[in-house]
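Note sheet for the following structure.
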Amino acid sequence: MELKGFQGTKVSLISLGLAVLIFLIKIFAYLITKSVAIYSDAMESTINIFSALTAFIGLKIALKPPDPEHPYGHTKIEYLFSIVEATFIFIASISILWKAFQNLQTPQPPPNLNQGFVLIGITLVLNGFISFIAYLQGKKENSPILIAHAHHIFTDVLTTLGVMIGLFVAKFFNIWILDPLIAMVLGVNILYMGYKITKESINSLLDASLPKEKVDSIKNIISETIEKHPQKEQIHDIHEFKTRRAGRKGFVEFHLTVSETMSIKSAHDICNEIEKNISEKHGDIKVTIHIEPDEKKTP
C-alpha cells in the first residue's frame with residue numbers, strides 16, 4: 001500500500017498530535033473512573049508522546065545529507081533518540097508500579113466505568129490508525145525509528161484492549177483487585193519494553209551487521225553477477241566481507257580478488273555492475289569494493 005503525499009516527518013508530526021489528544025482522553029477517563037489500570041494505560045500514552053516527539057526530531061536530523069564532519073550521514077542519531085525514549089519508558093513504568101502497589105492495599109470499584117470504556121475505546125481506534133500509517137511509512141523509508149514507533153503504538157493498542165477486557169471481567173465478577181493487578185502487569189511489560197529498546201539501540205550503535213537474510217541476498221547477487229560476467233575466469237574470489245547498519249542505511253564492503261592481468265577498466269566495470277545490481281534490489285545499501293590482484297592464480 002502506497003502512502004502518497006506522506007513523509008516520515010509528516011507522519012511523526014501527525015502521530016505527535018494524536019498522541020497528545022489520546023493522552024488527554026485517557027487522563028480524563030482516569031479522573032472520572034479512578035481506575036489504576038486506566039491510569040497505567042494513560043501513562044503509557046505519555047511514552048507515545050515522547051516517542052512521536054523523538055521520532056519527529058530524530059528523523060529531521062537523520063535526513064540531513066552527509067557533510068565533511070559526518071561523511072557517512074547522520075542516520076545513527078535515530079538510535080540515540082531511541083535510548084532517550086527508553087529512559088522515559090523506565091520512568092513511566094516505575095510510576096505505574098508504585099501507584100498499582102498503593103491501590104493493591106484497598107481495591108475499590110471504579111465509578112463511571114461505562115463512560116471510561118467509551119473514552120478508551122475511542123483512543124483504541126485512533127492508535128490503531130496511526131500505528132498502521134507509521135508502520136507502512138517506516139517500511140517505505142526503511143526507518144528504524146519510525147518502525148519502532150509504529151510497533152510501540154501497536155503495543156499501546158493491545159494494552160488498551162487488555163485493560164478494557166480486564167476491567168470488564170472485574171466488573172462482571174466483581175473482583176476489583178484485578179484493577180491494580182492489571183496495572184502491575186502493564187508496568188512490568190512497559191519496563192521490559194524499555195529494556196528491549198535500549199538493548200537494540202546500543203547493539204546498533206556498536207555497528208551490528210545487517211540481518212542474515214539481507215546478507216545472504218547480497219552475497220547471492222554478487223555471485224550471480226560474477227557468474228554472468230564474460231571475464232568470470234579472471235575473477236577469483238571475495239573475502240573480508242563485512243556489513244553494518246546505521247539507521248536507515250546499510251553498508252557493505254569486501255575485497256574482490258582478480259587476475260593481475262585484468263585491466264583496471266575491466267575490474268572497475270565489474271565493481272560498478274555489482275554495485276548497480278545490489279542497489280537495484282537494496283536501495284538502502286552503500287557498497288565499497290577493494291580490488292586485489294591474485295598473482296598465484298594468474299593464467
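Each chain in the C-alpha cells gets a letter, A, B and so on, in the order shown; residues start at 1 in every chain, and ligands are counted from 1 in the order they appear.
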
Close residues, stretch 43-52 of chain A itself excluded, 9 Å, only C-alpha atoms, min 4 positions apart in chain, as JSON, numbers by chain: {"A": [12, 13, 14, 15, 16, 17, 18, 19, 20, 22, 23, 26, 27, 38, 39, 56, 57, 81, 82, 84, 85, 86, 88, 89, 92, 93, 95, 96, 145, 146, 149, 152, 153, 156, 159, 186, 187, 190]}

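Close contacts of A:Asp294, defined as residues with an atom at most 12 Å away when counting only C-alpha atoms, with chain neighbours fewer than 4 positions off set aside, comprise Gln234, Ile235, His236, Asp237, Ile238, His255, Leu256, Thr257, Val258, Ser259, Glu260, Thr261, Met262, Thr298 and Pro299 of chain A.
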
Between A:Leu113, A:Ile91, A:Leu206, A:Val157, which one has atoms that come closest to A:Gly128, using only C-alpha atoms?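 Once distances to A:Gly128 are computed over only C-alpha atoms, the minimum belongs to A:Val157.
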
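Of the residues listed (A:Arg244, A:Lys64, A:Lys219, A:Lys249), A:Lys219 shows the shortest atom-to-atom separation from A:Asn277; distances use only C-alpha atoms.
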
Quick one: everything within 7 Å of stretch 165-170 of chain A, counting only C-alpha atoms, minus sequence neighbours fewer than 5 positions away in the same chain. Send it as a list in words. Ile175, Trp176, Leu178, Asp179 and Ile182 of chain A

Report as a PyMOL selection string: the residues of stretch 180-241 of chain A with a DSSP assignment of helix (DSSP H, G or I), based on the backbone of this structure. chain A and resi 180-205+212-228+232-234

Between A:Ala134, A:Ile94, A:Gly162, A:Ser35, single out the one closest to A:Pro110, counting only C-alpha atoms. A:Ser35

Who sits within 9 Å of A:Pro180, only C-alpha atoms, same chain under 2 positions skipped, as a list in words: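 Returned residues: Ser35, Val36, Ala37, Leu97, Lys99, Ala100, Phe101, Gln102, Asn103, Leu104, Pro107, Trp176, Ile177, Leu178, Ile182, Ala183, Met184 and Val185 of chain A.
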
Residues from last step as file, N, CA and C atoms, as a short mmCIF file (atom, residue, chain, number, x, y, z; two decimals), in the first residue's frame:
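For reference, part_16.cif as written:
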```
data_model
loop_
_atom_site.label_atom_id
_atom_site.label_comp_id
_atom_site.auth_asym_id
_atom_site.auth_seq_id
_atom_site.Cartn_x
_atom_site.Cartn_y
_atom_site.Cartn_z
N SER A 35 -9.63 4.50 38.00
CA SER A 35 -9.10 3.16 37.75
C SER A 35 -7.60 3.22 37.54
N VAL A 36 -6.85 2.46 38.35
CA VAL A 36 -5.40 2.47 38.23
C VAL A 36 -4.96 1.78 36.95
N ALA A 37 -5.78 0.86 36.43
CA ALA A 37 -5.46 0.22 35.15
C ALA A 37 -5.54 1.23 34.02
N LEU A 97 3.94 1.12 38.55
CA LEU A 97 4.10 0.07 39.55
C LEU A 97 3.86 0.62 40.96
N LYS A 99 1.94 3.26 41.84
CA LYS A 99 0.52 3.56 42.03
C LYS A 99 -0.29 2.27 42.15
N ALA A 100 0.09 1.24 41.38
CA ALA A 100 -0.61 -0.04 41.45
C ALA A 100 -0.42 -0.68 42.83
N PHE A 101 0.80 -0.58 43.36
CA PHE A 101 1.08 -1.14 44.68
C PHE A 101 0.24 -0.45 45.75
N GLN A 102 0.10 0.86 45.63
CA GLN A 102 -0.71 1.61 46.60
C GLN A 102 -2.18 1.18 46.56
N ASN A 103 -2.72 1.00 45.35
CA ASN A 103 -4.12 0.63 45.20
C ASN A 103 -4.38 -0.84 45.49
N LEU A 104 -3.31 -1.63 45.52
CA LEU A 104 -3.47 -3.05 45.81
C LEU A 104 -3.92 -3.27 47.26
N PRO A 107 -8.41 -2.14 47.14
CA PRO A 107 -9.05 -2.02 45.81
C PRO A 107 -10.50 -1.60 45.91
N TRP A 176 -12.49 -6.59 42.12
CA TRP A 176 -11.84 -5.31 41.83
C TRP A 176 -10.35 -5.29 42.13
N ILE A 177 -9.83 -6.35 42.72
CA ILE A 177 -8.38 -6.42 42.89
C ILE A 177 -7.69 -6.58 41.54
N LEU A 178 -8.48 -6.97 40.53
CA LEU A 178 -7.92 -7.08 39.17
C LEU A 178 -7.45 -5.73 38.64
N ILE A 182 -3.87 -5.62 37.01
CA ILE A 182 -3.70 -5.32 35.58
C ILE A 182 -2.64 -4.24 35.41
N ALA A 183 -2.72 -3.21 36.25
CA ALA A 183 -1.75 -2.11 36.18
C ALA A 183 -0.33 -2.61 36.43
N MET A 184 -0.17 -3.53 37.40
CA MET A 184 1.16 -4.05 37.70
C MET A 184 1.72 -4.86 36.52
N VAL A 185 0.85 -5.64 35.89
CA VAL A 185 1.28 -6.41 34.71
C VAL A 185 1.74 -5.46 33.60
#
```

Counting only C-alpha atoms, the residue of A:Leu158, A:Ile289, A:Val215, A:Lys199 that sits nearest A:Asn127: A:Leu158

Please return as a VMD selection string: the residues of stretch 167-298 of chain A that backbone DSSP assigns to strand (DSSP E). chain A and resid 235 to 246 249 to 259 285 to 294

Excluding A:Ser217 and any residue of its chain fewer than 4 positions from it, enumerate the residues within 10 Å of it, using only C-alpha atoms, and give them as a PDB file with N, CA and C atoms, in the first residue's frame.
```pdb
ATOM      1  N   LYS A 212      20.667 -11.488   8.590  1.00  0.00           N
ATOM      2  CA  LYS A 212      21.219 -12.616   7.822  1.00  0.00           C
ATOM      3  C   LYS A 212      20.564 -12.755   6.452  1.00  0.00           C
ATOM      4  N   GLU A 213      19.235 -12.578   6.391  1.00  0.00           N
ATOM      5  CA  GLU A 213      18.553 -12.744   5.105  1.00  0.00           C
ATOM      6  C   GLU A 213      19.005 -11.709   4.084  1.00  0.00           C
ATOM      7  N   ILE A 221      23.600 -11.974  -5.016  1.00  0.00           N
ATOM      8  CA  ILE A 221      23.675 -11.006  -6.118  1.00  0.00           C
ATOM      9  C   ILE A 221      25.115 -10.908  -6.624  1.00  0.00           C
ATOM     10  N   ILE A 222      26.070 -10.862  -5.703  1.00  0.00           N
ATOM     11  CA  ILE A 222      27.492 -10.787  -6.086  1.00  0.00           C
ATOM     12  C   ILE A 222      27.890 -12.023  -6.892  1.00  0.00           C
ATOM     13  N   SER A 223      27.511 -13.201  -6.384  1.00  0.00           N
ATOM     14  CA  SER A 223      27.870 -14.460  -7.056  1.00  0.00           C
ATOM     15  C   SER A 223      27.241 -14.538  -8.447  1.00  0.00           C
ATOM     16  N   ILE A 278      23.207  -4.685  -6.724  1.00  0.00           N
ATOM     17  CA  ILE A 278      22.831  -4.651  -5.305  1.00  0.00           C
ATOM     18  C   ILE A 278      21.889  -3.485  -5.042  1.00  0.00           C
ATOM     19  N   LYS A 281      18.128  -3.930  -5.961  1.00  0.00           N
ATOM     20  CA  LYS A 281      17.305  -4.714  -5.043  1.00  0.00           C
ATOM     21  C   LYS A 281      17.297  -4.144  -3.633  1.00  0.00           C
ATOM     22  N   HIS A 282      18.420  -3.540  -3.227  1.00  0.00           N
ATOM     23  CA  HIS A 282      18.540  -2.979  -1.875  1.00  0.00           C
ATOM     24  C   HIS A 282      19.020  -1.530  -1.997  1.00  0.00           C
TER      25      HIS A 282
END
```

Measuring atom to atom with only C-alpha atoms, identify which of A:Leu191, A:Ile291, A:Leu205, A:Leu31 is nearest to A:Ser266.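 Ranked by minimum distance to A:Ser266, first place goes to A:Ile291.
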
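Counting only C-alpha atoms, the residue from A:Ile285, A:Val188, A:Ala208, A:Leu24 that sits nearest to A:Ile122 is A:Leu24.
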
Contact residues around A:Asp284 with only C-alpha atoms at 9 Å, ignoring same-chain residues under 5 positions, as a compact mmCIF listing (two decimals) with C-alpha atoms, in the first residue's frame:
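Here's the written file selection-v8.txt:
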```
# COMPACT_ATOMS: atom_id res chain seq x y z
CA GLU A 141 11.65 4.74 4.11
CA ASN A 142 13.49 1.89 5.88
CA ARG A 248 18.02 3.53 7.69
CA LYS A 249 21.22 2.84 5.72
CA GLY A 250 23.34 -0.27 5.37
CA PHE A 251 26.99 -0.56 4.39
CA SER A 279 21.39 -1.13 -5.42
```
